[in-house]
Amino acid sequence: MKKKAEVLKDGTRVIVRNLHPDDLDSLMKFYRSIPDKDRIYLKVDVTKRKVVKQRIGLIETGRIFRIVAEHEGDIVADGALELTLEEWGKNQGEPRVIVATDFQRKGLGMIVMRELYFTAIKNNVEKIVAKIMKPQIAAQNICRKLGFQQEAIMHDYVRDQAGKPQDFVIMTCDIKKLWDELEYFYSDYDWQRCR
Ligand SMILES: CC(C)(COP(=O)(O)OP(=O)(O)OC[C@H]1O[C@@H](n2cnc3c(N)ncnc32)[C@H](O)[C@@H]1OP(=O)(O)O)[C@@H](O)C(=O)NCCC(=O)NCCS
């Protein structure tokens, strides 16, 4: 994606751009600032530099797209769209978004989701599949707001970073429906130029 300047609901300005391999230090700083109550439910342990470095390396596969939002040189949000290598899931993309605590509830999660949507379109994704642990209420709400529907809930299917079993929620959204919701949400914003 091209670097974009965005304005949050409270007037804060951020830059949204692709993640680069040399962002590792900034990304670690961002991840270490995430409170345990949020971090514990993430897919991988983002406090481990080796794990984060390995995942940045996956960008080269062309199946994982990573973007970040920056404010005054610091990363304040991280977004990913993962495309499966499995033949039968070729039409699917899995989004992941993390926003720094001080930047939450300002529309940044929606901005990152919008960019992941554009990436999905470019890569012929037809269905967005969000995989969330049940305690991730904000993530379920942002998905609901975007028109996702809960498809399944699997009892004690995954373990959080503390090793505790958690219910696993699968929410999906047809790409066309997601566009309708994003267009509605951003109708008040001066962002039409981005399309
Ligand atoms: C989920 C997350 C990315 C949302 O980011 P955000 O920038 O706060 O989201 P937005 O400000 O764009 O909010 C969009 C909508 O999400 C929902 N939402 C966001 N934060 C919420 C919260 N704390 N509680 C309930 N709903 C919430 C609301 O519906 C909100 O719309 P509203 O503000 O008009 O009510 C953020 O809470 C986060 O990083 N959580 C921790 C990491 C995580 O769980 N990521 C998901 C893994 S896929």
# chains A, B, ... in the order shown; residues from 1 in each chain; ligands from 1
call {"tool": "residues_near_ligand", "arguments": {"ligand": "ligand 1", "cutoff": "9 Å", "atoms": "only C-alpha atoms and all ligand atoms", "output": "VMD selection string"}}
result
chain A and resid 8 to 9 34 to 35 37 to 39 41 to 43 77 to 80 94 to 101 103 to 113 130 to 133 135 to 146
call {"tool": "write_last_selection", "arguments": {"atoms": "N, CA and C atoms", "output": "tab-separated table (two decimals), in the first residue's frame"}}
result
chain	number	residue	atom	x	y	z
A	8	LEU	N	-7.57	10.62	13.29
A	8	LEU	CA	-8.46	9.85	14.17
A	8	LEU	C	-9.60	10.73	14.67
A	9	LYS	N	-10.56	10.08	15.34
A	9	LYS	CA	-11.76	10.80	15.79
A	9	LYS	C	-11.43	12.00	16.67
A	34	ILE	N	1.62	-3.50	25.14
A	34	ILE	CA	0.25	-4.03	25.19
A	34	ILE	C	0.00	-4.68	26.55
A	35	PRO	N	-1.06	-4.28	27.23
A	35	PRO	CA	-1.30	-4.86	28.55
A	35	PRO	C	-1.60	-6.36	28.48
A	37	LYS	N	-3.82	-8.11	29.71
A	37	LYS	CA	-5.24	-8.46	29.52
A	37	LYS	C	-5.59	-8.57	28.03
A	38	ASP	N	-4.87	-7.86	27.16
A	38	ASP	CA	-5.08	-7.97	25.70
A	38	ASP	C	-4.13	-8.99	25.10
A	39	ARG	N	-2.86	-8.92	25.53
A	39	ARG	CA	-1.81	-9.75	24.94
A	39	ARG	C	-2.05	-11.25	25.12
A	41	TYR	N	-4.51	-13.04	24.87
A	41	TYR	CA	-5.41	-13.70	23.91
A	41	TYR	C	-4.90	-13.67	22.47
A	42	LEU	N	-3.70	-13.15	22.27
A	42	LEU	CA	-3.19	-13.08	20.90
A	42	LEU	C	-2.72	-14.45	20.44
A	43	LYS	N	-2.65	-14.59	19.12
A	43	LYS	CA	-2.34	-15.89	18.50
A	43	LYS	C	-0.96	-16.40	18.88
A	77	ALA	N	-0.35	0.86	15.97
A	77	ALA	CA	-1.29	-0.19	15.57
A	77	ALA	C	-0.61	-1.12	14.58
A	78	ASP	N	-1.07	-2.35	14.61
A	78	ASP	CA	-0.48	-3.39	13.76
A	78	ASP	C	-1.64	-4.16	13.13
A	79	GLY	N	-1.58	-4.35	11.82
A	79	GLY	CA	-2.64	-5.10	11.15
A	79	GLY	C	-2.06	-6.15	10.24
A	80	ALA	N	-2.75	-7.27	10.12
A	80	ALA	CA	-2.26	-8.34	9.24
A	80	ALA	C	-3.44	-8.98	8.51
A	94	GLU	N	-7.65	-13.97	6.61
A	94	GLU	CA	-7.87	-13.81	8.06
A	94	GLU	C	-7.23	-12.50	8.53
A	95	PRO	N	-8.05	-11.59	9.05
A	95	PRO	CA	-7.49	-10.32	9.52
A	95	PRO	C	-7.09	-10.37	10.98
A	96	ARG	N	-6.08	-9.58	11.34
A	96	ARG	CA	-5.71	-9.41	12.75
A	96	ARG	C	-5.33	-7.95	12.97
A	97	VAL	N	-5.84	-7.38	14.03
A	97	VAL	CA	-5.58	-5.96	14.32
A	97	VAL	C	-5.26	-5.79	15.80
A	98	ILE	N	-4.24	-5.00	16.09
A	98	ILE	CA	-3.94	-4.63	17.49
A	98	ILE	C	-3.71	-3.13	17.51
A	99	VAL	N	-4.37	-2.46	18.43
A	99	VAL	CA	-4.21	-1.00	18.55
A	99	VAL	C	-3.68	-0.70	19.95
A	100	ALA	N	-2.70	0.20	20.04
A	100	ALA	CA	-2.13	0.60	21.34
A	100	ALA	C	-3.23	1.15	22.24
A	101	THR	N	-3.14	0.85	23.52
A	101	THR	CA	-4.19	1.22	24.48
A	101	THR	C	-4.60	2.69	24.36
A	103	PHE	N	-4.57	4.61	21.98
A	103	PHE	CA	-5.13	4.98	20.68
A	103	PHE	C	-6.43	4.25	20.38
A	104	GLN	N	-6.90	3.46	21.37
A	104	GLN	CA	-8.14	2.72	21.14
A	104	GLN	C	-9.36	3.63	21.24
A	105	ARG	N	-10.45	3.18	20.65
A	105	ARG	CA	-11.74	3.89	20.62
A	105	ARG	C	-11.65	5.23	19.88
A	106	LYS	N	-10.74	5.31	18.93
A	106	LYS	CA	-10.61	6.55	18.15
A	106	LYS	C	-10.78	6.28	16.66
A	107	GLY	N	-11.22	5.07	16.34
A	107	GLY	CA	-11.45	4.74	14.94
A	107	GLY	C	-10.25	4.12	14.24
A	108	LEU	N	-9.13	3.93	14.96
A	108	LEU	CA	-7.93	3.41	14.30
A	108	LEU	C	-8.11	1.94	13.89
A	109	GLY	N	-8.80	1.18	14.73
A	109	GLY	CA	-9.08	-0.23	14.38
A	109	GLY	C	-9.83	-0.31	13.05
A	110	MET	N	-10.80	0.58	12.88
A	110	MET	CA	-11.59	0.59	11.63
A	110	MET	C	-10.72	1.00	10.44
A	111	ILE	N	-9.82	1.96	10.66
A	111	ILE	CA	-8.93	2.39	9.57
A	111	ILE	C	-8.05	1.23	9.13
A	112	VAL	N	-7.50	0.50	10.10
A	112	VAL	CA	-6.63	-0.64	9.77
A	112	VAL	C	-7.46	-1.72	9.06
A	113	MET	N	-8.66	-1.98	9.53
A	113	MET	CA	-9.52	-2.98	8.87
A	113	MET	C	-9.82	-2.57	7.43
A	130	ALA	N	-12.59	-14.19	10.64
A	130	ALA	CA	-11.92	-13.72	11.86
A	130	ALA	C	-11.97	-14.83	12.91
A	131	LYS	N	-10.81	-15.11	13.50
A	131	LYS	CA	-10.71	-16.15	14.52
A	131	LYS	C	-10.32	-15.48	15.83
A	132	ILE	N	-11.21	-15.58	16.79
A	132	ILE	CA	-11.10	-14.74	17.99
A	132	ILE	C	-11.35	-15.59	19.24
A	133	MET	N	-10.64	-15.29	20.33
A	133	MET	CA	-10.98	-15.95	21.60
A	133	MET	C	-12.17	-15.21	22.23
A	135	PRO	N	-13.00	-14.07	25.13
A	135	PRO	CA	-12.85	-12.85	25.93
A	135	PRO	C	-12.47	-11.61	25.12
A	136	GLN	N	-12.12	-11.75	23.86
A	136	GLN	CA	-11.76	-10.58	23.03
A	136	GLN	C	-13.04	-9.86	22.55
A	137	ILE	N	-13.66	-9.22	23.50
A	137	ILE	CA	-14.96	-8.58	23.25
A	137	ILE	C	-14.86	-7.45	22.23
A	138	ALA	N	-13.82	-6.59	22.37
A	138	ALA	CA	-13.67	-5.46	21.44
A	138	ALA	C	-13.53	-5.98	20.01
A	139	ALA	N	-12.76	-7.06	19.84
A	139	ALA	CA	-12.55	-7.62	18.50
A	139	ALA	C	-13.87	-8.14	17.93
A	140	GLN	N	-14.67	-8.80	18.77
A	140	GLN	CA	-15.97	-9.29	18.29
A	140	GLN	C	-16.88	-8.12	17.92
A	141	ASN	N	-16.81	-7.04	18.72
A	141	ASN	CA	-17.66	-5.88	18.44
A	141	ASN	C	-17.28	-5.18	17.15
A	142	ILE	N	-15.97	-5.03	16.93
A	142	ILE	CA	-15.55	-4.34	15.70
A	142	ILE	C	-15.98	-5.19	14.49
A	143	CYS	N	-15.87	-6.50	14.62
A	143	CYS	CA	-16.30	-7.38	13.52
A	143	CYS	C	-17.81	-7.25	13.30
A	144	ARG	N	-18.57	-7.25	14.39
A	144	ARG	CA	-20.02	-7.12	14.27
A	144	ARG	C	-20.38	-5.80	13.59
A	145	LYS	N	-19.68	-4.75	14.01
A	145	LYS	CA	-19.92	-3.42	13.43
A	145	LYS	C	-19.67	-3.42	11.92
A	146	LEU	N	-18.74	-4.28	11.50
A	146	LEU	CA	-18.40	-4.37	10.08
A	146	LEU	C	-19.27	-5.37	9.32
call {"tool": "closest_residue", "arguments": {"among": "A:Glu60, A:Lys2, A:Ile40, A:Gly147", "to": "Arg159 in chain A", "atoms": "only C-alpha atoms"}}
result
A:Ile40
call {"tool": "select_by_dssp", "arguments": {"residues": "range 1-182 of chain A", "states": "strand (DSSP E)", "output": "NGL selection string"}}
result
:A and (4-7 or 13-18 or 64-71 or 74-83 or 92-99 or 127-133 or 149-159 or 165-174)
call {"tool": "closest_residue", "arguments": {"among": "A:Asn91, A:Thr119, A:Ser33, A:Ser26", "to": "Asp174 in chain A", "atoms": "only C-alpha atoms"}}
result
A:Asn91
call {"tool": "select_by_dssp", "arguments": {"residues": "range 44-184 of chain A", "states": "alpha helix (DSSP H)", "output": "PyMOL selection string"}}
result
chain A and resi 49-57+108-122+137-145+175-184
call {"tool": "write_last_selection", "arguments": {"atoms": "N, CA and C atoms", "output": "CSV table (one decimal), in the first residue's frame"}}
result
chain,number,residue,atom,x,y,z
A,49,ARG,N,11.0,-11.8,20.7
A,49,ARG,CA,11.6,-11.2,19.5
A,49,ARG,C,11.8,-12.2,18.4
A,50,LYS,N,12.2,-13.4,18.7
A,50,LYS,CA,12.4,-14.4,17.7
A,50,LYS,C,11.1,-14.7,16.9
A,51,VAL,N,10.1,-14.8,17.7
A,51,VAL,CA,8.8,-15.2,17.1
A,51,VAL,C,8.3,-14.0,16.2
A,52,VAL,N,8.5,-12.8,16.7
A,52,VAL,CA,8.0,-11.6,15.9
A,52,VAL,C,8.9,-11.5,14.6
A,53,LYS,N,10.2,-11.7,14.8
A,53,LYS,CA,11.1,-11.6,13.6
A,53,LYS,C,10.7,-12.6,12.5
A,54,GLN,N,10.4,-13.8,13.0
A,54,GLN,CA,10.0,-14.9,12.1
A,54,GLN,C,8.7,-14.6,11.3
A,55,ARG,N,7.8,-14.0,12.1
A,55,ARG,CA,6.5,-13.6,11.5
A,55,ARG,C,6.7,-12.5,10.5
A,56,ILE,N,7.6,-11.5,10.8
A,56,ILE,CA,7.9,-10.5,9.8
A,56,ILE,C,8.4,-11.1,8.5
A,57,GLY,N,9.3,-12.1,8.7
A,57,GLY,CA,9.9,-12.8,7.5
A,57,GLY,C,8.8,-13.4,6.6
A,108,LEU,N,-9.1,3.9,15.0
A,108,LEU,CA,-7.9,3.4,14.3
A,108,LEU,C,-8.1,1.9,13.9
A,109,GLY,N,-8.8,1.2,14.7
A,109,GLY,CA,-9.1,-0.2,14.4
A,109,GLY,C,-9.8,-0.3,13.1
A,110,MET,N,-10.8,0.6,12.9
A,110,MET,CA,-11.6,0.6,11.6
A,110,MET,C,-10.7,1.0,10.4
A,111,ILE,N,-9.8,2.0,10.7
A,111,ILE,CA,-8.9,2.4,9.6
A,111,ILE,C,-8.0,1.2,9.1
A,112,VAL,N,-7.5,0.5,10.1
A,112,VAL,CA,-6.6,-0.6,9.8
A,112,VAL,C,-7.5,-1.7,9.1
A,113,MET,N,-8.7,-2.0,9.5
A,113,MET,CA,-9.5,-3.0,8.9
A,113,MET,C,-9.8,-2.6,7.4
A,114,ARG,N,-10.0,-1.3,7.2
A,114,ARG,CA,-10.3,-0.8,5.9
A,114,ARG,C,-9.1,-1.1,4.9
A,115,GLU,N,-7.9,-0.9,5.4
A,115,GLU,CA,-6.7,-1.2,4.6
A,115,GLU,C,-6.6,-2.6,4.3
A,116,LEU,N,-6.9,-3.5,5.3
A,116,LEU,CA,-6.8,-4.9,5.1
A,116,LEU,C,-7.9,-5.3,4.1
A,117,TYR,N,-9.0,-4.6,4.1
A,117,TYR,CA,-10.0,-4.9,3.1
A,117,TYR,C,-9.5,-4.7,1.7
A,118,PHE,N,-8.8,-3.5,1.5
A,118,PHE,CA,-8.3,-3.2,0.2
A,118,PHE,C,-7.3,-4.3,-0.2
A,119,THR,N,-6.5,-4.7,0.7
A,119,THR,CA,-5.5,-5.8,0.4
A,119,THR,C,-6.2,-7.1,0.0
A,120,ALA,N,-7.3,-7.4,0.7
A,120,ALA,CA,-8.1,-8.6,0.5
A,120,ALA,C,-8.6,-8.6,-1.0
A,121,ILE,N,-9.2,-7.4,-1.3
A,121,ILE,CA,-9.8,-7.2,-2.7
A,121,ILE,C,-8.7,-7.5,-3.7
A,122,LYS,N,-7.5,-6.9,-3.5
A,122,LYS,CA,-6.4,-7.1,-4.5
A,122,LYS,C,-6.0,-8.5,-4.6
A,137,ILE,N,-13.7,-9.2,23.5
A,137,ILE,CA,-15.0,-8.6,23.3
A,137,ILE,C,-14.9,-7.5,22.2
A,138,ALA,N,-13.8,-6.6,22.4
A,138,ALA,CA,-13.7,-5.5,21.4
A,138,ALA,C,-13.5,-6.0,20.0
A,139,ALA,N,-12.8,-7.1,19.8
A,139,ALA,CA,-12.5,-7.6,18.5
A,139,ALA,C,-13.9,-8.1,17.9
A,140,GLN,N,-14.7,-8.8,18.8
A,140,GLN,CA,-16.0,-9.3,18.3
A,140,GLN,C,-16.9,-8.1,17.9
A,141,ASN,N,-16.8,-7.0,18.7
A,141,ASN,CA,-17.7,-5.9,18.4
A,141,ASN,C,-17.3,-5.2,17.2
A,142,ILE,N,-16.0,-5.0,16.9
A,142,ILE,CA,-15.5,-4.3,15.7
A,142,ILE,C,-16.0,-5.2,14.5
A,143,CYS,N,-15.9,-6.5,14.6
A,143,CYS,CA,-16.3,-7.4,13.5
A,143,CYS,C,-17.8,-7.3,13.3
A,144,ARG,N,-18.6,-7.3,14.4
A,144,ARG,CA,-20.0,-7.1,14.3
A,144,ARG,C,-20.4,-5.8,13.6
A,145,LYS,N,-19.7,-4.7,14.0
A,145,LYS,CA,-19.9,-3.4,13.4
A,145,LYS,C,-19.7,-3.4,11.9
A,175,ILE,N,-17.0,-10.3,1.4
A,175,ILE,CA,-16.2,-9.1,1.1
A,175,ILE,C,-17.1,-7.9,0.6
A,176,LYS,N,-18.1,-8.2,-0.1
A,176,LYS,CA,-19.0,-7.2,-0.6
A,176,LYS,C,-19.7,-6.5,0.5
A,177,LYS,N,-20.2,-7.3,1.5
A,177,LYS,CA,-20.9,-6.8,2.6
A,177,LYS,C,-20.0,-5.9,3.5
A,178,LEU,N,-18.7,-6.3,3.6
A,178,LEU,CA,-17.8,-5.5,4.4
A,178,LEU,C,-17.6,-4.1,3.7
A,179,TRP,N,-17.5,-4.1,2.4
A,179,TRP,CA,-17.4,-2.8,1.7
A,179,TRP,C,-18.6,-1.9,2.1
A,180,ASP,N,-19.8,-2.4,2.0
A,180,ASP,CA,-21.0,-1.6,2.3
A,180,ASP,C,-20.8,-1.0,3.7
A,181,GLU,N,-20.4,-1.8,4.7
A,181,GLU,CA,-20.3,-1.3,6.1
A,181,GLU,C,-19.2,-0.2,6.2
A,182,LEU,N,-18.0,-0.5,5.5
A,182,LEU,CA,-16.9,0.5,5.6
A,182,LEU,C,-17.3,1.8,4.9
A,183,GLU,N,-18.0,1.7,3.8
A,183,GLU,CA,-18.4,2.9,3.1
A,183,GLU,C,-19.3,3.7,3.9
A,184,TYR,N,-20.2,3.0,4.6
A,184,TYR,CA,-21.2,3.7,5.5
A,184,TYR,C,-20.4,4.4,6.6
call {"tool": "atom_distance", "arguments": {"atom1": "CA of Val44 in chain A", "atom2": "CA of Met154 in chain A"}}
result
19.1 Å
call {"tool": "atom_distance", "arguments": {"atom1": "CA of Ile75 in chain A", "atom2": "CA of Thr47 in chain A"}}
result
15.0 Å
call {"tool": "closest_residue", "arguments": {"among": "A:Lys48, A:Arg17, A:Lys164, A:Lys29", "to": "Ala69 in chain A", "atoms": "only C-alpha atoms"}}
result
A:Arg17
call {"tool": "atom_distance", "arguments": {"atom1": "CA of Ile15 in chain A", "atom2": "CA of Arg32 in chain A"}}
result
20.6 Å
call {"tool": "closest_residue", "arguments": {"among": "A:Gly89, A:Val16, A:Ile128, A:Ile153", "to": "Val76 in chain A", "atoms": "only C-alpha atoms"}}
result
A:Val16
call {"tool": "closest_residue", "arguments": {"among": "A:Glu151, A:Glu6, A:Asp45, A:Glu126", "to": "Met28 in chain A", "atoms": "only C-alpha atoms"}}
result
A:Asp45
call {"tool": "residues_around", "arguments": {"residues": "Asn18 in chain A", "least_positions_apart": "3", "cutoff": "7 Å", "atoms": "only C-alpha atoms", "output": "list in words"}}
result
Met1, Arg66, Ile67 and Val68 of chain A
call {"tool": "decode", "arguments": {"residues": "range 105-118 of chain A", "atoms": "all heavy atoms", "output": "compact mmCIF listing (two decimals), in the first residue's frame"}}
result
# COMPACT_ATOMS: atom_id res chain seq x y z
N ARG A 105 -10.45 3.18 20.65
CA ARG A 105 -11.74 3.89 20.62
C ARG A 105 -11.65 5.23 19.88
O ARG A 105 -12.39 6.15 20.16
CB ARG A 105 -12.30 4.12 22.03
CG ARG A 105 -12.65 2.87 22.81
CD ARG A 105 -13.44 1.82 22.09
NE ARG A 105 -14.82 2.04 21.80
CZ ARG A 105 -15.84 1.51 22.45
NH1 ARG A 105 -15.64 0.76 23.50
NH2 ARG A 105 -17.08 1.70 22.06
N LYS A 106 -10.74 5.31 18.93
CA LYS A 106 -10.61 6.55 18.15
C LYS A 106 -10.78 6.28 16.66
O LYS A 106 -10.42 7.12 15.83
CB LYS A 106 -9.23 7.18 18.40
CG LYS A 106 -9.02 7.62 19.85
CD LYS A 106 -7.62 8.17 20.09
CE LYS A 106 -7.47 8.56 21.55
NZ LYS A 106 -6.12 9.05 21.86
N GLY A 107 -11.22 5.07 16.34
CA GLY A 107 -11.45 4.74 14.94
C GLY A 107 -10.25 4.12 14.24
O GLY A 107 -10.32 3.80 13.05
N LEU A 108 -9.13 3.93 14.96
CA LEU A 108 -7.93 3.41 14.30
C LEU A 108 -8.11 1.94 13.89
O LEU A 108 -7.65 1.53 12.82
CB LEU A 108 -6.71 3.58 15.22
CG LEU A 108 -5.36 3.21 14.63
CD1 LEU A 108 -5.10 3.88 13.28
CD2 LEU A 108 -4.23 3.55 15.60
N GLY A 109 -8.80 1.18 14.73
CA GLY A 109 -9.08 -0.23 14.38
C GLY A 109 -9.83 -0.31 13.05
O GLY A 109 -9.53 -1.13 12.19
N MET A 110 -10.80 0.58 12.88
CA MET A 110 -11.59 0.59 11.63
C MET A 110 -10.72 1.00 10.44
O MET A 110 -10.86 0.45 9.35
CB MET A 110 -12.77 1.57 11.76
CG MET A 110 -13.82 1.14 12.77
SD MET A 110 -14.79 -0.30 12.25
CE MET A 110 -16.04 0.48 11.23
N ILE A 111 -9.82 1.96 10.66
CA ILE A 111 -8.93 2.39 9.57
C ILE A 111 -8.05 1.23 9.13
O ILE A 111 -7.87 0.96 7.94
CB ILE A 111 -8.07 3.61 10.02
CG1 ILE A 111 -8.96 4.85 10.12
CG2 ILE A 111 -6.89 3.84 9.08
CD1 ILE A 111 -8.29 6.06 10.79
N VAL A 112 -7.50 0.50 10.10
CA VAL A 112 -6.63 -0.64 9.77
C VAL A 112 -7.46 -1.72 9.06
O VAL A 112 -7.02 -2.28 8.04
CB VAL A 112 -5.95 -1.20 11.05
CG1 VAL A 112 -5.21 -2.49 10.74
CG2 VAL A 112 -4.99 -0.16 11.63
N MET A 113 -8.66 -1.98 9.53
CA MET A 113 -9.52 -2.98 8.87
C MET A 113 -9.82 -2.57 7.43
O MET A 113 -9.87 -3.41 6.53
CB MET A 113 -10.85 -3.14 9.63
CG MET A 113 -10.75 -3.93 10.91
SD MET A 113 -10.22 -5.66 10.67
CE MET A 113 -11.74 -6.44 10.16
N ARG A 114 -9.99 -1.27 7.22
CA ARG A 114 -10.27 -0.79 5.86
C ARG A 114 -9.08 -1.10 4.94
O ARG A 114 -9.26 -1.58 3.82
CB ARG A 114 -10.53 0.71 5.90
CG ARG A 114 -10.96 1.29 4.56
CD ARG A 114 -10.88 2.80 4.59
NE ARG A 114 -9.50 3.23 4.59
CZ ARG A 114 -9.08 4.40 5.07
NH1 ARG A 114 -9.93 5.23 5.62
NH2 ARG A 114 -7.81 4.72 5.01
N GLU A 115 -7.87 -0.87 5.43
CA GLU A 115 -6.69 -1.15 4.61
C GLU A 115 -6.55 -2.65 4.34
O GLU A 115 -6.17 -3.07 3.25
CB GLU A 115 -5.42 -0.61 5.28
CG GLU A 115 -5.36 0.89 5.33
CD GLU A 115 -5.56 1.55 3.97
OE1 GLU A 115 -5.09 1.01 2.95
OE2 GLU A 115 -6.22 2.60 3.94
N LEU A 116 -6.89 -3.46 5.34
CA LEU A 116 -6.82 -4.92 5.14
C LEU A 116 -7.87 -5.34 4.10
O LEU A 116 -7.65 -6.26 3.31
CB LEU A 116 -7.04 -5.65 6.46
CG LEU A 116 -5.99 -5.38 7.55
CD1 LEU A 116 -6.31 -6.17 8.82
CD2 LEU A 116 -4.58 -5.71 7.07
N TYR A 117 -8.98 -4.63 4.12
CA TYR A 117 -10.03 -4.90 3.13
C TYR A 117 -9.50 -4.66 1.71
O TYR A 117 -9.66 -5.50 0.82
CB TYR A 117 -11.25 -4.02 3.41
CG TYR A 117 -12.18 -3.90 2.24
CD1 TYR A 117 -13.16 -4.88 2.01
CD2 TYR A 117 -12.05 -2.86 1.32
CE1 TYR A 117 -13.97 -4.79 0.90
CE2 TYR A 117 -12.87 -2.77 0.23
CZ TYR A 117 -13.84 -3.74 0.01
OH TYR A 117 -14.64 -3.65 -1.09
N PHE A 118 -8.82 -3.51 1.50
CA PHE A 118 -8.27 -3.22 0.17
C PHE A 118 -7.28 -4.31 -0.25
O PHE A 118 -7.25 -4.73 -1.40
CB PHE A 118 -7.56 -1.86 0.18
CG PHE A 118 -8.48 -0.68 0.27
CD1 PHE A 118 -8.22 0.37 1.14
CD2 PHE A 118 -9.63 -0.60 -0.51
CE1 PHE A 118 -9.07 1.47 1.22
CE2 PHE A 118 -10.49 0.49 -0.43
CZ PHE A 118 -10.21 1.53 0.44
